[in-house]
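Step one of this worksheet: look at the structure below.
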Amino acid sequence: MMNHRPPEDDAQAYRDALVDEIRAQARETAFWTGRDCFDERVLNAIAQVPRHAFIPEPLTLNQAYANHPQPIGFGQTISQPYIVALMTDLLNLHNNERVLEIGAGCGYQSAVLAQLGCEVYAVERLEPLADLARLTLAKLGYERVTVKCADGAKGWAEHAPFDGILVTACQDGPIPKALIEQLNPEGRMVIPLGPKWGPQMLHLGQKDAAGQFTHEPVLPVSFVPLVSRPESG
Ligand code: SAH
């Protein structure tokens with residue numbers, strides 16, 4: 001396989017095809033999610049973010065724009081595009097929200113949020129991935145994403161409160177208190193819950209105007225675990 005970046009024109013056709021697949025999968029999963037189509041702005045963002053730039057080479061455009069997760073090294077993955085679209089859609093973003101992402105990985109989900117106009121704070125536990133995410137996002141000009149290497153279960157108090165919190169690693173246990181505390185009233189949180197090898201459920205959490213937090217299951221999913229020290233919870 002040749003080790004070079006594919007031309008951007010070709011990539012657009014793959015991205016458009018991927019968006020069609022996400023539309024189809026949104027219809028197929030409507031029974032679970034209660035939404036048979038996603039916000040056009042979210043799909044538009046997916047159509048614009050060069051996913052291939054976030055995946056280590058060598059890769060083909062076919063692999064980069066396939067609707068499934070891919071390995072990115074260090075035992076971690078870049079999320080499935082449909083899941084990125086669903087999680088973003090569930091946050092109900094309009095423009096300019098401040099969003100916290102836990103589990104930045106290679107930075108793809110952060111880029112989708114930034115493409116939507118959000119100010120993004122992304123936390124990644126593994127230093128080489130945090131560095132890679134920072135580098136790729138900077139190269140692509142996503143200036144409104146700030147990445148730090150830390151335990152995301154503690155949130156990011158200096159930049160709180162957040163209008164949206166998106167966790168892309170699975171929490172085995174109750175939702176970390178810090179994350180609930182750092183969510184704005186009327187803010188939303190999307191987080192997978194469940195054991196590493198057992199059934200996992202994506203949950204949608206919401207804080208009402210009075211600050212009361214509740215959450216409900218949305219869809220069975222499969223994520224890498226949120227690795228956190230117990231005192232973080
Ligand atoms: N959001 C990524 C998916 C990353 S996979 C995307 O756009 O494709 C989940 C990531 O969560 C991994 O990189 C893993 O290292 C990270 N992670 C696991 N536990 C964490 C924790 N406690 N704090 C921050 N990141 C964590």
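Going through the structure tokens in order, the chains are called A, B, and so on, while each chain numbers its residues from 1 and the ligands are numbered from 1 in the order shown.
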12 Å contact set for Leu129 of chain A, only C-alpha atoms, chain neighbours under 5 positions out, as a list of chain:residue names: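 Listing them by chain and then by number gives A:Phe54, A:Ile55, A:Pro56, A:Ile72, A:Gly73, A:Phe74, A:Gly75, A:Gln76, A:Thr77, A:Ile78, A:Gly103, A:Ala104, A:Gly105, A:Cys106, A:Gly107, A:Tyr108, A:Ala122, A:Val123, A:Glu124, A:Arg134, A:Leu135, A:Thr136, A:Leu137, A:Val147, A:Lys148, A:Cys149, A:Ala150.
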DSSP strand (DSSP E) selection over segment 73-195 of chain A, as an MDAnalysis selection string: chainID A and resid 73 76:78 98:102 119:124 145:149 162:167 183:193
Residues within 10 Å of Gly164 of chain A, only C-alpha atoms, excluding chain neighbours under 6 positions, as number ranges by chain: A: 88, 90-93, 97-101, 118, 120, 182-184, 186-190, 205-206
Go ahead and dump the residues you just picked, N, CA and C atoms, as a PDB file, in the first residue's frame.
```pdb
ATOM      1  N   THR A  88     -23.581  13.509  18.587  1.00  0.00           N
ATOM      2  CA  THR A  88     -23.597  14.955  18.332  1.00  0.00           C
ATOM      3  C   THR A  88     -25.040  15.441  18.225  1.00  0.00           C
ATOM      4  N   LEU A  90     -27.688  14.150  19.543  1.00  0.00           N
ATOM      5  CA  LEU A  90     -28.367  14.097  20.849  1.00  0.00           C
ATOM      6  C   LEU A  90     -28.067  15.329  21.706  1.00  0.00           C
ATOM      7  N   LEU A  91     -26.950  15.989  21.449  1.00  0.00           N
ATOM      8  CA  LEU A  91     -26.611  17.194  22.237  1.00  0.00           C
ATOM      9  C   LEU A  91     -27.470  18.394  21.855  1.00  0.00           C
ATOM     10  N   ASN A  92     -28.201  18.300  20.718  1.00  0.00           N
ATOM     11  CA  ASN A  92     -29.099  19.392  20.296  1.00  0.00           C
ATOM     12  C   ASN A  92     -28.391  20.744  20.226  1.00  0.00           C
ATOM     13  N   LEU A  93     -27.292  20.809  19.522  1.00  0.00           N
ATOM     14  CA  LEU A  93     -26.485  22.031  19.498  1.00  0.00           C
ATOM     15  C   LEU A  93     -27.038  23.005  18.470  1.00  0.00           C
ATOM     16  N   GLU A  97     -22.029  26.770  21.341  1.00  0.00           N
ATOM     17  CA  GLU A  97     -22.042  26.187  22.674  1.00  0.00           C
ATOM     18  C   GLU A  97     -20.634  25.812  23.113  1.00  0.00           C
ATOM     19  N   ARG A  98     -20.473  25.746  24.430  1.00  0.00           N
ATOM     20  CA  ARG A  98     -19.211  25.283  25.003  1.00  0.00           C
ATOM     21  C   ARG A  98     -19.395  23.793  25.354  1.00  0.00           C
ATOM     22  N   VAL A  99     -18.581  22.963  24.728  1.00  0.00           N
ATOM     23  CA  VAL A  99     -18.768  21.515  24.888  1.00  0.00           C
ATOM     24  C   VAL A  99     -17.506  20.869  25.447  1.00  0.00           C
ATOM     25  N   LEU A 100     -17.701  19.966  26.405  1.00  0.00           N
ATOM     26  CA  LEU A 100     -16.608  19.174  26.968  1.00  0.00           C
ATOM     27  C   LEU A 100     -16.675  17.778  26.365  1.00  0.00           C
ATOM     28  N   GLU A 101     -15.557  17.320  25.802  1.00  0.00           N
ATOM     29  CA  GLU A 101     -15.508  15.941  25.319  1.00  0.00           C
ATOM     30  C   GLU A 101     -14.511  15.158  26.166  1.00  0.00           C
ATOM     31  N   CYS A 118     -18.980  24.932  17.730  1.00  0.00           N
ATOM     32  CA  CYS A 118     -18.823  24.867  19.186  1.00  0.00           C
ATOM     33  C   CYS A 118     -17.408  25.239  19.611  1.00  0.00           C
ATOM     34  N   VAL A 120     -14.720  23.838  21.943  1.00  0.00           N
ATOM     35  CA  VAL A 120     -14.570  22.477  22.447  1.00  0.00           C
ATOM     36  C   VAL A 120     -13.389  22.346  23.404  1.00  0.00           C
ATOM     37  N   GLN A 182     -20.438  19.976  36.410  1.00  0.00           N
ATOM     38  CA  GLN A 182     -19.910  20.930  35.424  1.00  0.00           C
ATOM     39  C   GLN A 182     -20.859  21.155  34.241  1.00  0.00           C
ATOM     40  N   LEU A 183     -22.041  20.550  34.302  1.00  0.00           N
ATOM     41  CA  LEU A 183     -23.034  20.749  33.232  1.00  0.00           C
ATOM     42  C   LEU A 183     -23.941  21.930  33.598  1.00  0.00           C
ATOM     43  N   ASN A 184     -24.176  22.807  32.626  1.00  0.00           N
ATOM     44  CA  ASN A 184     -25.064  23.951  32.802  1.00  0.00           C
ATOM     45  C   ASN A 184     -26.510  23.506  33.012  1.00  0.00           C
ATOM     46  N   GLU A 186     -30.124  23.133  31.903  1.00  0.00           N
ATOM     47  CA  GLU A 186     -30.633  22.945  30.528  1.00  0.00           C
ATOM     48  C   GLU A 186     -29.574  22.363  29.590  1.00  0.00           C
ATOM     49  N   GLY A 187     -28.430  21.953  30.142  1.00  0.00           N
ATOM     50  CA  GLY A 187     -27.393  21.328  29.323  1.00  0.00           C
ATOM     51  C   GLY A 187     -27.670  19.839  29.137  1.00  0.00           C
ATOM     52  N   ARG A 188     -26.975  19.269  28.155  1.00  0.00           N
ATOM     53  CA  ARG A 188     -27.161  17.842  27.864  1.00  0.00           C
ATOM     54  C   ARG A 188     -25.846  17.092  27.977  1.00  0.00           C
ATOM     55  N   MET A 189     -25.949  15.811  28.349  1.00  0.00           N
ATOM     56  CA  MET A 189     -24.772  14.960  28.422  1.00  0.00           C
ATOM     57  C   MET A 189     -25.069  13.639  27.707  1.00  0.00           C
ATOM     58  N   VAL A 190     -24.112  13.181  26.904  1.00  0.00           N
ATOM     59  CA  VAL A 190     -24.259  11.884  26.237  1.00  0.00           C
ATOM     60  C   VAL A 190     -23.113  11.007  26.716  1.00  0.00           C
ATOM     61  N   GLY A 205     -28.368  12.404  29.104  1.00  0.00           N
ATOM     62  CA  GLY A 205     -28.671  13.069  30.364  1.00  0.00           C
ATOM     63  C   GLY A 205     -29.060  14.517  30.114  1.00  0.00           C
ATOM     64  N   GLN A 206     -29.892  15.039  31.010  1.00  0.00           N
ATOM     65  CA  GLN A 206     -30.322  16.434  30.868  1.00  0.00           C
ATOM     66  C   GLN A 206     -30.435  17.088  32.231  1.00  0.00           C
TER      67      GLN A 206
END
```
Sel. of alpha helix (DSSP H) residues, segment 6-229 of chain A, as a PyMOL selection string: chain A and resi 8-28+30-33+40-48+61-64+81-90+108-115+127-139+177-181
Which of A:Arg51, A:Arg35, A:Lys177, A:Arg144 sits closest to ligand 1 [using only C-alpha atoms and all ligand atoms]: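 That would be A:Arg51, the residue with the smallest distance to ligand 1.
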